[in-house]
file start-v4.cif (mmCIF, C-alpha atoms)
data_data
loop_
_atom_site.label_atom_id
_atom_site.label_comp_id
_atom_site.auth_asym_id
_atom_site.auth_seq_id
_atom_site.Cartn_x
_atom_site.Cartn_y
_atom_site.Cartn_z
CA MET A 1435 48.84 106.29 312.04
CA GLN A 1436 45.64 104.41 312.89
CA ASN A 1437 43.34 103.28 310.10
CA TYR A 1438 40.19 104.18 312.02
CA ILE A 1439 38.55 107.13 313.74
CA ILE A 1440 36.73 107.38 317.07
CA ALA A 1441 34.12 110.14 316.89
CA THR A 1442 31.53 111.35 319.36
CA SER A 1443 28.97 114.05 320.06
CA SER A 1444 29.10 117.17 322.21
CA THR A 1445 27.19 115.27 324.91
CA CYS A 1446 30.40 113.43 325.85
CA ASP A 1447 30.97 116.60 327.92
CA LEU A 1448 34.74 116.40 327.48
CA PRO A 1449 36.52 119.77 327.40
CA ARG A 1450 37.09 121.21 323.94
CA THR A 1451 40.81 121.37 324.71
CA PHE A 1452 40.92 117.58 325.11
CA LEU A 1453 38.87 116.93 321.99
CA ASP A 1454 41.13 119.20 319.94
CA GLU A 1455 44.35 117.85 321.40
CA HIS A 1456 43.42 114.26 320.50
CA ASN A 1457 41.79 115.13 317.16
CA ILE A 1458 38.43 113.66 318.19
CA PRO A 1459 35.70 114.69 315.71
CA PHE A 1460 32.37 115.53 317.34
CA ILE A 1461 28.92 116.52 316.18
CA SER A 1462 27.18 119.28 318.14
CA TYR A 1463 23.72 119.30 319.63
CA THR A 1464 22.05 122.71 319.62
CA TYR A 1465 20.25 124.69 322.30
CA THR A 1466 18.02 127.73 322.27
CA ILE A 1467 17.94 130.66 324.69
CA GLY A 1468 15.03 132.93 323.86
CA ASN A 1469 15.11 133.30 320.07
CA ASP A 1470 18.82 132.57 319.74
CA VAL A 1471 20.16 129.16 318.66
CA PHE A 1472 23.61 128.03 319.75
CA GLU A 1473 25.81 125.05 319.00
CA ASP A 1474 27.13 123.09 321.96
CA ASP A 1475 30.83 123.81 321.37
CA CYS A 1476 32.17 121.98 324.46
CA ARG A 1477 34.07 125.06 325.61
CA GLU A 1478 34.34 125.66 329.34
CA GLU A 1479 33.59 129.36 328.97
CA SER A 1480 30.40 128.63 327.01
CA ARG A 1481 29.17 126.24 329.67
CA GLN A 1482 29.93 128.64 332.50
CA ALA A 1483 28.10 131.47 330.72
CA VAL A 1484 25.03 129.25 330.25
CA TYR A 1485 24.82 128.39 333.94
CA GLU A 1486 25.31 131.97 335.01
CA GLY A 1487 22.44 132.88 332.69
CA MET A 1488 20.25 130.11 334.08
CA ARG A 1489 20.86 131.42 337.59
CA LYS A 1490 19.41 134.71 336.34
CA GLY A 1491 16.35 133.09 334.83
CA ASP A 1492 17.34 131.88 331.35
CA ARG A 1493 15.50 128.76 330.22
CA LEU A 1494 17.07 126.53 327.62
CA LYS A 1495 15.55 124.24 325.04
CA THR A 1496 17.67 121.55 323.42
CA SER A 1497 17.23 119.98 319.99
CA MET A 1498 17.95 116.50 318.71
CA ILE A 1499 20.33 115.94 315.81
CA ASN A 1500 18.47 115.00 312.66
CA GLU A 1501 19.28 112.16 310.30
CA PHE A 1502 20.67 114.42 307.58
CA ASN A 1503 23.15 116.14 309.89
CA TYR A 1504 24.38 112.79 311.17
CA TYR A 1505 24.75 111.58 307.58
CA GLU A 1506 26.79 114.63 306.56
CA PHE A 1507 29.01 114.25 309.63
CA PHE A 1508 29.50 110.52 309.11
CA LYS A 1509 30.22 110.98 305.42
CA SER A 1510 32.95 113.51 306.22
CA LEU A 1511 34.60 110.85 308.36
CA VAL A 1512 34.48 107.86 306.00
CA GLU A 1513 35.63 110.02 303.09
CA GLN A 1514 38.97 110.16 304.88
CA GLY A 1515 39.34 106.50 303.91
CA LYS A 1516 39.13 105.19 307.46
CA ASP A 1517 36.78 102.99 309.49
CA VAL A 1518 34.72 104.66 312.22
CA ILE A 1519 33.46 104.00 315.75
CA PHE A 1520 30.85 106.56 316.78
CA LEU A 1521 29.88 107.07 320.42
CA ASP A 1522 26.86 109.13 321.48
CA MET A 1523 24.78 109.18 324.64
CA SER A 1524 22.46 106.31 325.53
CA GLN A 1525 19.60 105.66 323.12
CA LYS A 1526 17.21 105.88 326.11
CA MET A 1527 18.15 109.51 326.66
CA SER A 1528 17.59 110.92 323.17
CA VAL A 1529 15.76 110.07 319.96
CA SER A 1530 18.91 111.31 318.24
CA TYR A 1531 20.30 107.79 318.62
CA SER A 1532 17.76 106.34 316.19
CA ASN A 1533 18.60 109.13 313.73
CA SER A 1534 22.28 108.24 313.97
CA VAL A 1535 21.50 104.59 313.26
CA LYS A 1536 19.45 105.51 310.18
CA ALA A 1537 22.29 107.71 308.95
CA SER A 1538 24.81 104.93 309.54
CA ASP A 1539 22.66 102.55 307.48
CA MET A 1540 22.96 105.00 304.60
CA ILE A 1541 26.74 105.10 305.07
CA HIS A 1542 26.94 101.29 305.03
CA LYS A 1543 25.14 101.23 301.68
CA GLU A 1544 27.21 104.03 300.19
CA PHE A 1545 30.58 102.87 301.56
CA PRO A 1546 30.27 99.07 301.94
CA GLU A 1547 34.04 98.68 302.17
CA ARG A 1548 34.20 100.66 305.42
CA LYS A 1549 33.57 99.46 308.96
CA PHE A 1550 31.15 101.84 310.65
CA THR A 1551 29.80 101.18 314.16
CA VAL A 1552 27.28 103.27 316.09
CA MET A 1553 27.71 102.00 319.62
CA ASP A 1554 24.83 102.10 322.09
CA THR A 1555 27.00 103.27 324.95
CA ARG A 1556 24.30 103.25 327.67
CA CYS A 1557 26.28 106.20 329.06
CA ILE A 1558 25.64 109.93 329.30
CA SER A 1559 27.66 113.06 329.97
CA GLY A 1560 30.98 112.37 331.74
CA GLY A 1561 30.32 108.63 331.61
CA LEU A 1562 30.28 108.84 327.84
CA GLY A 1563 33.34 111.08 328.07
CA LEU A 1564 35.21 108.50 330.13
CA LEU A 1565 34.33 105.81 327.58
CA VAL A 1566 35.52 108.01 324.70
CA GLU A 1567 38.70 109.04 326.51
CA THR A 1568 39.66 105.47 327.37
CA MET A 1569 38.92 104.07 323.91
CA VAL A 1570 40.83 106.91 322.23
CA GLY A 1571 43.76 106.21 324.55
CA MET A 1572 43.72 102.55 323.48
CA MET A 1573 43.61 103.58 319.83
CA GLU A 1574 46.60 105.88 320.35
CA GLU A 1575 48.48 102.97 321.97
CA GLY A 1576 48.02 100.99 318.77
CA LYS A 1577 45.05 98.75 319.64
CA SER A 1578 42.99 97.57 316.69
CA TYR A 1579 39.45 98.65 315.79
CA ASP A 1580 38.03 95.34 316.99
CA GLU A 1581 40.03 95.35 320.24
CA VAL A 1582 38.91 98.85 321.15
CA LEU A 1583 35.29 98.21 320.25
CA GLN A 1584 35.24 94.99 322.26
CA TRP A 1585 36.70 96.76 325.29
CA GLY A 1586 33.95 99.36 325.05
CA GLU A 1587 31.21 96.74 324.89
CA ASP A 1588 32.75 94.79 327.78
CA ASN A 1589 33.18 97.81 330.06
CA LYS A 1590 30.41 100.30 329.31
CA PHE A 1591 28.23 98.86 332.10
CA LYS A 1592 31.10 99.32 334.57
CA ILE A 1593 31.07 103.11 334.27
CA ALA A 1594 29.35 104.51 337.34
CA HIS A 1595 27.21 107.64 336.95
CA ARG A 1596 26.24 109.39 340.21
CA PHE A 1597 24.32 112.70 340.17
CA THR A 1598 22.52 115.10 342.40
CA VAL A 1599 20.53 118.18 341.41
CA ASP A 1600 19.71 121.31 343.34
CA ASP A 1601 16.36 122.34 341.86
CA LEU A 1602 13.55 119.84 341.30
CA ASN A 1603 11.74 122.21 338.95
CA TYR A 1604 14.12 121.34 336.12
CA LEU A 1605 13.35 117.64 336.55
CA LYS A 1606 9.64 118.52 336.68
CA GLU A 1607 9.88 120.31 333.33
CA GLY A 1608 11.54 117.22 331.88
CA GLY A 1609 8.81 114.95 333.22
CA ARG A 1610 11.06 113.12 335.69
CA VAL A 1611 9.13 114.24 338.76
CA SER A 1612 5.51 115.33 339.11
CA ASN A 1613 4.35 118.88 339.79
CA SER A 1614 3.30 117.97 343.33
CA ALA A 1615 6.56 116.17 344.05
CA ALA A 1616 8.53 119.18 342.83
CA LEU A 1617 6.46 121.55 344.98
CA VAL A 1618 6.69 119.46 348.14
CA GLY A 1619 10.32 118.69 347.49
CA SER A 1620 11.20 122.34 347.11
CA LEU A 1621 9.37 123.26 350.30
CA LEU A 1622 11.13 120.49 352.25
CA SER A 1623 14.52 120.97 350.56
CA VAL A 1624 14.41 117.45 349.15
CA LYS A 1625 17.36 116.66 346.89
CA PRO A 1626 17.23 113.65 344.58
CA VAL A 1627 20.28 111.45 344.12
CA LEU A 1628 20.29 109.97 340.64
CA TYR A 1629 22.22 107.29 338.78
CA VAL A 1630 22.33 105.61 335.37
CA PRO A 1631 21.49 101.88 335.45
CA ASP A 1632 22.47 99.38 332.77
CA GLY A 1633 19.45 100.39 330.70
CA GLY A 1634 20.97 103.82 330.11
CA THR A 1635 18.19 105.88 331.68
CA LEU A 1636 18.55 108.56 334.36
CA ASP A 1637 16.82 107.25 337.47
CA VAL A 1638 16.21 108.51 341.00
CA ALA A 1639 18.06 106.29 343.46
CA LYS A 1640 17.13 108.12 346.65
CA LYS A 1641 15.66 111.38 347.94
CA VAL A 1642 17.31 113.07 350.90
CA ARG A 1643 16.85 116.28 352.85
CA GLY A 1644 19.32 119.01 352.06
CA ARG A 1645 22.30 119.50 349.79
CA LYS A 1646 24.82 118.30 352.39
CA ASN A 1647 23.05 114.96 352.72
CA ALA A 1648 22.84 114.61 348.94
CA LEU A 1649 26.59 115.08 348.60
CA LYS A 1650 27.19 112.61 351.43
CA THR A 1651 24.92 110.04 349.77
CA ILE A 1652 26.80 110.41 346.49
CA TYR A 1653 30.12 110.02 348.25
CA ASP A 1654 28.95 106.97 350.21
CA GLY A 1655 28.15 105.30 346.88
CA ILE A 1656 31.52 106.26 345.45
CA LYS A 1657 33.34 104.98 348.51
CA ASN A 1658 31.49 101.68 348.37
CA ASP A 1659 32.34 101.24 344.67
CA LEU A 1660 36.00 102.18 344.94
CA SER A 1661 36.60 100.02 348.01
CA GLN A 1662 35.89 96.97 345.83
CA VAL A 1663 38.47 97.68 343.11
CA ASP A 1664 42.15 98.47 342.74
CA CYS A 1665 42.18 102.27 342.74
CA LYS A 1666 45.78 102.77 341.66
CA GLY A 1667 45.73 105.09 338.67
CA ARG A 1668 41.93 104.93 338.30
CA GLN A 1669 40.44 108.04 336.70
CA VAL A 1670 37.54 109.99 338.17
CA HIS A 1671 35.62 112.67 336.28
CA ILE A 1672 33.63 115.20 338.30
CA LEU A 1673 31.35 117.53 336.35
CA HIS A 1674 29.43 120.41 337.85
CA ALA A 1675 26.93 123.06 336.80
CA ASP A 1676 28.23 126.16 338.58
CA CYS A 1677 29.02 124.43 341.89
CA LYS A 1678 32.79 123.99 341.76
CA GLU A 1679 33.24 124.11 345.54
CA ASP A 1680 31.04 121.04 345.96
CA ALA A 1681 33.02 119.27 343.24
CA GLU A 1682 36.27 120.07 345.03
CA THR A 1683 34.83 118.82 348.33
CA VAL A 1684 33.97 115.45 346.77
CA ALA A 1685 37.36 115.27 345.04
CA ASN A 1686 39.20 115.95 348.30
CA SER A 1687 37.22 113.23 350.08
CA ILE A 1688 38.12 110.71 347.37
CA LYS A 1689 41.81 111.64 347.54
CA ALA A 1690 41.81 111.35 351.33
CA ASP A 1691 40.22 107.90 351.42
CA PHE A 1692 41.90 106.55 348.27
CA PRO A 1693 45.40 108.09 348.09
CA GLU A 1694 46.40 105.86 345.15
CA ILE A 1695 43.53 107.10 342.99
CA GLY A 1696 44.49 108.37 339.54
CA PRO A 1697 43.75 111.81 338.13
CA ILE A 1698 40.53 113.48 339.26
CA THR A 1699 39.33 116.01 336.70
CA ILE A 1700 36.85 118.75 337.55
CA THR A 1701 35.12 120.46 334.62
CA ASN A 1702 31.88 122.20 333.78
CA LEU A 1703 28.94 119.99 332.89
CA GLY A 1704 27.89 120.07 329.24
CA VAL A 1705 24.97 122.25 328.26
CA VAL A 1706 22.56 119.53 327.03
CA ILE A 1707 22.29 117.60 330.31
CA GLY A 1708 22.60 120.85 332.27
CA ALA A 1709 19.62 122.34 330.46
CA HIS A 1710 17.40 119.55 331.80
CA CYS A 1711 18.85 119.40 335.32
CA GLY A 1712 19.77 123.00 336.08
CA PRO A 1713 22.57 124.82 337.90
CA GLY A 1714 23.81 123.02 340.97
CA LEU A 1715 23.99 119.60 339.34
CA LEU A 1716 27.00 117.59 340.46
CA ALA A 1717 27.97 114.34 338.71
CA VAL A 1718 30.76 111.83 339.31
CA PHE A 1719 31.95 109.15 336.87
CA TYR A 1720 34.51 106.33 337.14
CA LEU A 1721 35.09 102.67 336.27
CA CYS A 1722 33.96 100.17 338.89
CA ASN A 1723 32.80 96.54 339.09
CA GLY A 1724 29.27 97.35 337.97
CA ARG A 1725 26.59 99.98 338.31
CA LYS A 1726 24.69 100.20 341.57
CA SER A 1727 22.04 102.61 342.79
CA GLU A 1728 23.75 103.01 346.18
#
call {"tool": "encode", "arguments": {"input": "start-v4.cif", "output": "structure tokens"}}
result
Amino acid sequence: MQNYIIATSSTCDLPRTFLDEHNIPFISYTYTIGNDVFEDDCREESRQAVYEGMRKGDRLKTSMINEFNYYEFFKSLVEQGKDVIFLDMSQKMSVSYSNSVKASDMIHKEFPERKFTVMDTRCISGGLGLLVETMVGMMEEGKSYDEVLQWGEDNKFKIAHRFTVDDLNYLKEGGRVSNSAALVGSLLSVKPVLYVPDGGTLDVAKKVRGRKNALKTIYDGIKNDLSQVDCKGRQVHILHADCKEDAETVANSIKADFPEIGPITITNLGVVIGAHCGPGLLAVFYLCNGRKSE
């Protein structure tokens, strides 16, 4: 049995079945629909229900995790007598990160004998999930705390994040595009292609006309990345917000061009990122040589 724990948050967007199977503790962000508050439980059925509701007009608001809740969660981990590595989404994407750091400082003072690391992953969504999944796999193979943490620091910038969204109005509400850009873009069927650079932000790499071109642009980037590495056994995570057919199309293209590729998982996108990007978001994540916009 390992003498440390790898924990994460619901924004890793891993399926609840995986988290439960590997005994990965996670802290949940919350979201509000109307007057009702829900915990992000990482269940596929919860995610699907949210996107179906958004298609019908539901608007979600998400909340950060406060310092006290992080502290209570962290304390429950260290009280098991083990060291902890905690992985949450990039500090540039949520002020929750600073709250987690403050809570970890309290844990260090209260439990000075324990190792406790809050890692700035510079990843979001399925990229964070891929980092968590790989590091947990290393832990289960018997790698030490320091070995696993070092691998994470050495490889977090090699996790590619490629996105496209279907409705610019969600990005407008989040301040990522202007009102005029959203209006013109909607009229002209402009679809942004986004990526996560080393800084851990969510940036627009390119704007193209039409969904088909957006998917092609994403796949061109994937193909360029994977052609530069050994693909044998390499994992690919594809997450979608109620657009499974598009996810399957991308997956089939990857399998056709890279027959030695490892498992390609297709799951629903987590609620927190989905709330800010809307139904129709498609995202692809995998390890490569380094992050590129195209």
call {"tool": "closest_residue", "arguments": {"input": "start-v4.cif", "among": "A:Thr1464, A:Asn1723, A:Thr1699, A:Thr1598", "to": "Pro1449 (chain A)", "atoms": "only C-alpha atoms"}}
result
A:Thr1699
call {"tool": "residues_around", "arguments": {"input": "start-v4.cif", "residues": "Leu1511 (chain A)", "least_positions_apart": "2", "cutoff": "10 Å", "atoms": "all atoms listed in the file", "output": "list in words"}}
result
Tyr1438, Ile1439, Ile1440, Ala1441, Pro1459, Tyr1505, Glu1506, Phe1507, Phe1508, Lys1509, Glu1513, Gln1514, Gly1515, Lys1516, Asp1517, Val1518 and Phe1550 of chain A
call {"tool": "resolve_selection", "arguments": {"input": "start-v4.cif", "expression": "the PyMOL selection byres ((chain A and resi 1702-1715) around 6)", "output": "VMD selection string"}}
result
chain A and resid 1447 1481 1485 1494 1598 to 1600 1604 to 1605 1673 to 1677 1701 1716
call {"tool": "resolve_selection", "arguments": {"input": "start-v4.cif", "expression": "the PyMOL selection byres ((chain A and resi 1535) around 10)", "output": "list in words"}}
result
Glu1501, Tyr1504, Tyr1505, Ser1530, Tyr1531, Ser1532, Asn1533, Ser1534, Lys1536, Ala1537, Ser1538, Asp1539, Met1540, Ile1541, Thr1551, Val1552, Met1553 and Asp1554 of chain A
call {"tool": "write_last_selection", "arguments": {"input": "start-v4.cif", "atoms": "C-alpha atoms", "output": "PDB file, in the frame of the given file"}}
result
ATOM      1  CA  GLU A1501      19.280 112.160 310.300  1.00  0.00           C
ATOM      2  CA  TYR A1504      24.380 112.790 311.170  1.00  0.00           C
ATOM      3  CA  TYR A1505      24.750 111.580 307.580  1.00  0.00           C
ATOM      4  CA  SER A1530      18.910 111.310 318.240  1.00  0.00           C
ATOM      5  CA  TYR A1531      20.300 107.790 318.620  1.00  0.00           C
ATOM      6  CA  SER A1532      17.760 106.340 316.190  1.00  0.00           C
ATOM      7  CA  ASN A1533      18.600 109.130 313.730  1.00  0.00           C
ATOM      8  CA  SER A1534      22.280 108.240 313.970  1.00  0.00           C
ATOM      9  CA  LYS A1536      19.450 105.510 310.180  1.00  0.00           C
ATOM     10  CA  ALA A1537      22.290 107.710 308.950  1.00  0.00           C
ATOM     11  CA  SER A1538      24.810 104.930 309.540  1.00  0.00           C
ATOM     12  CA  ASP A1539      22.660 102.550 307.480  1.00  0.00           C
ATOM     13  CA  MET A1540      22.960 105.000 304.600  1.00  0.00           C
ATOM     14  CA  ILE A1541      26.740 105.100 305.070  1.00  0.00           C
ATOM     15  CA  THR A1551      29.800 101.180 314.160  1.00  0.00           C
ATOM     16  CA  VAL A1552      27.280 103.270 316.090  1.00  0.00           C
ATOM     17  CA  MET A1553      27.710 102.000 319.620  1.00  0.00           C
ATOM     18  CA  ASP A1554      24.830 102.100 322.090  1.00  0.00           C
TER      19      ASP A1554
END
call {"tool": "resolve_selection", "arguments": {"input": "start-v4.cif", "expression": "the PyMOL selection byres ((chain A and resi 1567) around 10)", "output": "list of chain:residue names"}}
result
A:Ile1440, A:Cys1446, A:Leu1448, A:Phe1452, A:Leu1453, A:His1456, A:Ile1458, A:Gly1560, A:Gly1561, A:Leu1562, A:Gly1563, A:Leu1564, A:Leu1565, A:Val1566, A:Thr1568, A:Met1569, A:Val1570, A:Gly1571, A:Met1572, A:Met1573
call {"tool": "write_last_selection", "arguments": {"input": "start-v4.cif", "atoms": "C-alpha atoms", "output": "PDB file, keeping the file's coordinate frame"}}
result
ATOM      1  CA  ILE A1440      36.730 107.380 317.070  1.00  0.00           C
ATOM      2  CA  CYS A1446      30.400 113.430 325.850  1.00  0.00           C
ATOM      3  CA  LEU A1448      34.740 116.400 327.480  1.00  0.00           C
ATOM      4  CA  PHE A1452      40.920 117.580 325.110  1.00  0.00           C
ATOM      5  CA  LEU A1453      38.870 116.930 321.990  1.00  0.00           C
ATOM      6  CA  HIS A1456      43.420 114.260 320.500  1.00  0.00           C
ATOM      7  CA  ILE A1458      38.430 113.660 318.190  1.00  0.00           C
ATOM      8  CA  GLY A1560      30.980 112.370 331.740  1.00  0.00           C
ATOM      9  CA  GLY A1561      30.320 108.630 331.610  1.00  0.00           C
ATOM     10  CA  LEU A1562      30.280 108.840 327.840  1.00  0.00           C
ATOM     11  CA  GLY A1563      33.340 111.080 328.070  1.00  0.00           C
ATOM     12  CA  LEU A1564      35.210 108.500 330.130  1.00  0.00           C
ATOM     13  CA  LEU A1565      34.330 105.810 327.580  1.00  0.00           C
ATOM     14  CA  VAL A1566      35.520 108.010 324.700  1.00  0.00           C
ATOM     15  CA  THR A1568      39.660 105.470 327.370  1.00  0.00           C
ATOM     16  CA  MET A1569      38.920 104.070 323.910  1.00  0.00           C
ATOM     17  CA  VAL A1570      40.830 106.910 322.230  1.00  0.00           C
ATOM     18  CA  GLY A1571      43.760 106.210 324.550  1.00  0.00           C
ATOM     19  CA  MET A1572      43.720 102.550 323.480  1.00  0.00           C
ATOM     20  CA  MET A1573      43.610 103.580 319.830  1.00  0.00           C
TER      21      MET A1573
END
call {"tool": "atom_distance", "arguments": {"input": "start-v4.cif", "atom1": "CA of Ala1594 (chain A)", "atom2": "CA of His1671 (chain A)"}}
result
10.3 Å
call {"tool": "closest_atom_pairs", "arguments": {"input": "start-v4.cif", "of": "region 1446-1559 of chain A", "to": "region 1581-1591 of chain A", "cutoff": "8 Å", "atoms": "only C-alpha atoms", "output": "CSV"}}
result
residue,atom,partner,partner_atom,distance
A:Ile1519,CA,A:Leu1583,CA,7.6
A:Thr1555,CA,A:Lys1590,CA,6.3
A:Arg1556,CA,A:Lys1590,CA,7.0
A:Cys1557,CA,A:Lys1590,CA,7.2
call {"tool": "atom_distance", "arguments": {"input": "start-v4.cif", "atom1": "CA of Asn1503 (chain A)", "atom2": "CA of Tyr1463 (chain A)"}}
result
10.3 Å
call {"tool": "axis_aligned_box", "arguments": {"input": "start-v4.cif", "around": "region 1512-1518 of chain A", "padding_each_side": "4 Å", "output": "lines of an AutoDock Vina configuration file"}}
result
center_x = 36.9
center_y = 106.6
center_z = 307.7
size_x = 12.9
size_y = 15.2
size_z = 17.1
call {"tool": "closest_residue", "arguments": {"input": "start-v4.cif", "among": "A:Phe1719, A:Ser1661, A:Asp1601, A:Lys1726", "to": "Glu1694 (chain A)", "atoms": "only C-alpha atoms"}}
result
A:Ser1661
call {"tool": "closest_residue", "arguments": {"input": "start-v4.cif", "among": "A:Glu1728, A:Met1523, A:Ile1593, A:Ile1672", "to": "Ile1656 (chain A)", "atoms": "only C-alpha atoms"}}
result
A:Glu1728
call {"tool": "atom_distance", "arguments": {"input": "start-v4.cif", "atom1": "CA of Ser1444 (chain A)", "atom2": "CA of Thr1466 (chain A)"}}
result
15.3 Å
call {"tool": "closest_residue", "arguments": {"input": "start-v4.cif", "among": "A:Phe1520, A:Phe1692, A:Phe1545, A:Phe1597", "to": "Phe1460 (chain A)", "atoms": "all atoms listed in the file"}}
result
A:Phe1520
call {"tool": "residues_around", "arguments": {"input": "start-v4.cif", "residues": "Glu1682 (chain A)", "least_positions_apart": "4", "cutoff": "9 Å", "atoms": "all atoms listed in the file", "output": "compact mmCIF listing (two decimals) with C-alpha atoms, in the coordinates of the input"}}
result
# COMPACT_ATOMS: atom_id res chain seq x y z
CA ILE A 1672 33.63 115.20 338.30
CA LYS A 1678 32.79 123.99 341.76
CA ASN A 1686 39.20 115.95 348.30
CA SER A 1687 37.22 113.23 350.08
CA ILE A 1700 36.85 118.75 337.55
call {"tool": "closest_residue", "arguments": {"input": "start-v4.cif", "among": "A:Leu1721, A:Ile1467, A:Val1627, A:Ala1639", "to": "Val1663 (chain A)", "atoms": "all atoms listed in the file"}}
result
A:Leu1721
call {"tool": "closest_residue", "arguments": {"input": "start-v4.cif", "among": "A:Ser1462, A:Ser1480, A:Thr1683, A:Asn1469", "to": "Arg1493 (chain A)", "atoms": "all atoms listed in the file"}}
result
A:Asn1469
